[in-house]
Structures are given as C-alpha cells and as structure tokens.
Amino acid sequence: MAGYQHTLMLHVLVAVVGIGPLAALAVLALSKTERGLVAHVGKQLSRWASASMGLMLLTGIYLLYVTGWGYLQAAWFWVAFVLYLALEPLQRVIIKRASRDDEKTQAASRPLGWVLLVSLIVIVYLMYARP
Ligand code: HEM
C-alpha cells in the first residue's frame with residue numbers, strides 16, 4: 001500500500017508544518033503580546049494554516065478511503081473531526097477579537113488561545129493513539 005504510506009506521511013508532514021502556525025497563533029493569543037500585533041501576525045499565520053487545513057482534509061479523506069472507511073465507526077474519529085471543524089472559526093474569532101478597539105474584547109481573545117491549543121493537542125492525540 002505505497003499510496004497509503006505516502007499519504008500518511010504527507011498527512012503527518014502537513015500536520016507538523018501546516019498546523020504548527022495554528023499552535024503559534026494559540027500561544028500568541030494567550031501571551032501578553034500587544035493585541036494589535038497578535039491580530040497582524042495572526043492573519044499571516046492563519047492564511048498558511050487555512051491552506052494546510054484543506055490539505056489535512058484531502059489527505060484525511062484519502063486515508064479513510066484506503067482503510068475501507070472503517071474509522072467512520074470509531075468515536076475517536078468523530079471527536080477529532082468535530083474539533084477539526086472548530087479550528088477555522090476559532091482562529092477567526094481570536095483574530096477578530098484581537099483586532100477590536102475596546103480592551104475588554106481584546107482581552108477575551110486570550111482564553112480562546114487555550115481552547116485552540118488544547119483542541120490541537122487532543123486532535124493529534126486521537127489521530128495518533130486511535131483509542
Ligand atoms: C488538524 C487536523 C489534523 C491533524 C493535526 C491530524 C493529525 C494526524 C496524525 C498525527 C495522525 C497519525 C499518523 C500516524 O499514525 O503516524 C493522523 C492519522 C489519521 N488522520 Fe488525521 N489529522 C488531522 C485531520 C484529519 C482529518 C480532517 C481527517 C479525515 C477527514 C483525518 C483522518 C485521519 C485518519 C483516517 C488517520 C489514520 C490513518 C491510519 O494510520 O490508518 N485527519 N492524523
């Protein structure tokens with residue numbers, strides 16, 4: 001199953017290189033960095049991450065196909081998939097809040113950094129361990 005091995009390698013490679021910027025956005029959001037800077041850098045990171053999310057989906061669907069769609073029966077897959085779907089809106093809300101003028105909304109972007117970071121960790125754990 002050469003196609004499977006190569007796709008799995010691509011999936012993991014994109015997870016590290018592509019999803020890494022999402023982790024960077026999460027760390028930036030929960031830091032004490034000035035919010036304007038978080039919004040500015042966050043936008044760059046987010047562009048890269050969004051493209052990678054598309055690749056994660058494509059390679060992920062191919063992995064499901066070559067494994068006979070069996071993972072669709074597994075609870076871990078659906079938990080990871082729902083978290084995956086939440087990543088895009090989550091990063092958008094973080095950047096939007098960080099770009100706002102009022103300090104209260106800006107500060108509200110901070111706890112979302114934790115939500116993003118924990119979601120990423122849980123996804124990678126579930127995909128790797130397949131409990
Ligand atoms: C943030 C998004 C994602 C991350 C970080 C991620 C990461 C990973 C990692 C680290 C593995 C383990 C590879 C190994 O065993 O060495 C994996 C496996 C897998 N992923 Fe993902 N993934 C993501 C999204 C998706 C999506 C959206 C799908 C499906 C639509 C998907 C389907 C799969 C499948 C089926 C496997 C198991 C392949 C196998 O070994 O049989 N992933 N993923």
# chains A, B, ... in the order shown; residues from 1 in each chain; ligands from 1

$ residues_near_ligand --ligand "ligand 1" --cutoff "7 Å" --atoms "only C-alpha atoms and all ligand atoms" --output "ChimeraX atom specification"
/A:8,11-12,15,19,53,56-58,60-61,63-64,67,71,81,84,120,123-124,127-128

$ residues_around --residues "A:Ser46" --least-positions-apart "6" --cutoff "9 Å" --atoms "only C-alpha atoms" --output "list of chain:residue names"
A:Pro21, A:Leu22, A:Leu25, A:Glu88, A:Gln91, A:Arg92, A:Ile95

$ residues_around --residues "A:Leu28" --least-positions-apart "3" --cutoff "9 Å" --atoms "only C-alpha atoms" --output "list in words"
Ala23, Ala24, Leu25, Ser31, Lys32, Thr33, Val38, Val41, Gly42, Arg110 and Gly113 of chain A

$ write_last_selection --atoms "N, CA and C atoms" --output "short mmCIF file (atom, residue, chain, number, x, y, z; two decimals), in the first residue's frame"
data_model
loop_
_atom_site.label_atom_id
_atom_site.label_comp_id
_atom_site.auth_asym_id
_atom_site.auth_seq_id
_atom_site.Cartn_x
_atom_site.Cartn_y
_atom_site.Cartn_z
N ALA A 23 -0.76 26.46 16.24
CA ALA A 23 -0.26 26.38 17.62
C ALA A 23 0.42 27.70 17.98
N ALA A 24 1.16 28.27 16.99
CA ALA A 24 1.83 29.55 17.22
C ALA A 24 0.80 30.65 17.49
N LEU A 25 -0.32 30.62 16.75
CA LEU A 25 -1.38 31.61 16.95
C LEU A 25 -1.98 31.46 18.35
N SER A 31 -0.56 34.94 25.15
CA SER A 31 0.55 35.70 25.72
C SER A 31 0.08 37.14 26.05
N LYS A 32 0.99 37.89 26.62
CA LYS A 32 0.64 39.28 26.96
C LYS A 32 1.01 40.24 25.83
N THR A 33 1.33 39.68 24.67
CA THR A 33 1.70 40.49 23.50
C THR A 33 0.58 41.49 23.17
N VAL A 38 -0.89 40.80 17.77
CA VAL A 38 -1.48 39.45 17.71
C VAL A 38 -2.36 39.35 16.45
N VAL A 41 0.05 39.53 13.13
CA VAL A 41 0.81 38.28 12.91
C VAL A 41 -0.16 37.11 12.73
N GLY A 42 -1.25 37.15 13.52
CA GLY A 42 -2.26 36.09 13.45
C GLY A 42 -2.83 35.92 12.05
N ARG A 110 -7.75 36.06 24.68
CA ARG A 110 -6.72 35.29 25.39
C ARG A 110 -7.15 33.87 25.77
N GLY A 113 -7.09 31.23 23.15
CA GLY A 113 -5.79 30.64 22.81
C GLY A 113 -5.66 29.27 23.44
#

$ residues_around --residues "A:Thr59" --least-positions-apart "6" --cutoff "12 Å" --atoms "only C-alpha atoms" --output "list of chain:residue names"
A:Gly3, A:Tyr4, A:Gln5, A:His6, A:Thr7, A:Leu8, A:Met9, A:Leu10, A:His11, A:Val12, A:Leu13, A:Val14, A:Ala15, A:Ser52, A:Met53, A:Tyr65, A:Val66

$ write_last_selection --atoms "N, CA and C atoms" --output "JSON list (two decimals), in the first residue's frame"
[["chain", "number", "residue", "atom", "x", "y", "z"],
["A", 3, "GLY", "N", 0.56, 3.96, -1.73],
["A", 3, "GLY", "CA", -0.24, 5.17, -1.72],
["A", 3, "GLY", "C", -0.63, 5.54, -0.31],
["A", 4, "TYR", "N", -0.97, 4.54, 0.49],
["A", 4, "TYR", "CA", -1.36, 4.76, 1.88],
["A", 4, "TYR", "C", -0.19, 5.34, 2.66],
["A", 5, "GLN", "N", 0.99, 4.69, 2.54],
["A", 5, "GLN", "CA", 2.17, 5.15, 3.28],
["A", 5, "GLN", "C", 2.53, 6.60, 2.94],
["A", 6, "HIS", "N", 2.50, 6.90, 1.63],
["A", 6, "HIS", "CA", 2.88, 8.25, 1.20],
["A", 6, "HIS", "C", 1.86, 9.28, 1.67],
["A", 7, "THR", "N", 0.58, 8.89, 1.61],
["A", 7, "THR", "CA", -0.46, 9.84, 2.04],
["A", 7, "THR", "C", -0.37, 10.07, 3.54],
["A", 8, "LEU", "N", -0.09, 9.00, 4.28],
["A", 8, "LEU", "CA", 0.05, 9.14, 5.74],
["A", 8, "LEU", "C", 1.22, 10.07, 6.07],
["A", 9, "MET", "N", 2.32, 9.89, 5.30],
["A", 9, "MET", "CA", 3.49, 10.74, 5.54],
["A", 9, "MET", "C", 3.14, 12.21, 5.24],
["A", 10, "LEU", "N", 2.41, 12.42, 4.13],
["A", 10, "LEU", "CA", 2.00, 13.78, 3.76],
["A", 10, "LEU", "C", 1.07, 14.38, 4.82],
["A", 11, "HIS", "N", 0.15, 13.55, 5.31],
["A", 11, "HIS", "CA", -0.82, 13.97, 6.34],
["A", 11, "HIS", "C", -0.07, 14.44, 7.60],
["A", 12, "VAL", "N", 0.93, 13.64, 8.01],
["A", 12, "VAL", "CA", 1.68, 13.99, 9.23],
["A", 12, "VAL", "C", 2.57, 15.21, 8.97],
["A", 13, "LEU", "N", 3.16, 15.27, 7.77],
["A", 13, "LEU", "CA", 4.02, 16.40, 7.41],
["A", 13, "LEU", "C", 3.22, 17.72, 7.44],
["A", 14, "VAL", "N", 2.02, 17.68, 6.85],
["A", 14, "VAL", "CA", 1.17, 18.88, 6.84],
["A", 14, "VAL", "C", 0.74, 19.22, 8.27],
["A", 15, "ALA", "N", 0.50, 18.16, 9.09],
["A", 15, "ALA", "CA", 0.11, 18.40, 10.48],
["A", 15, "ALA", "C", 1.21, 19.19, 11.21],
["A", 52, "SER", "N", -3.36, 24.68, 4.85],
["A", 52, "SER", "CA", -2.96, 23.37, 5.38],
["A", 52, "SER", "C", -4.16, 22.55, 5.83],
["A", 53, "MET", "N", -5.17, 23.25, 6.37],
["A", 53, "MET", "CA", -6.38, 22.53, 6.82],
["A", 53, "MET", "C", -7.06, 21.84, 5.65],
["A", 65, "TYR", "N", -10.49, 6.39, 2.92],
["A", 65, "TYR", "CA", -10.83, 5.56, 1.76],
["A", 65, "TYR", "C", -9.96, 4.30, 1.71],
["A", 66, "VAL", "N", -8.63, 4.48, 1.82],
["A", 66, "VAL", "CA", -7.75, 3.30, 1.71],
["A", 66, "VAL", "C", -7.88, 2.35, 2.89]]

$ atom_distance --atom1 "atom CA of A:Ala51" --atom2 "atom CA of A:Leu83"
17.2 Å

$ atom_distance --atom1 "atom CA of A:Asp102" --atom2 "atom CA of A:Arg35"
10.5 Å

$ atom_distance --atom1 "atom CA of A:Arg130" --atom2 "atom CA of A:Ala80"
10.0 Å

$ select_by_dssp --residues "chain A" --states "alpha helix (DSSP H)" --output "MDAnalysis selection string"
chainID A and resid 2:17 20:30 35:66 75:99 103:107 109:129

$ closest_residue --among "A:Leu126, A:Leu45, A:Leu90, A:Ala39" --to "A:Leu112" --atoms "only C-alpha atoms"
A:Leu90
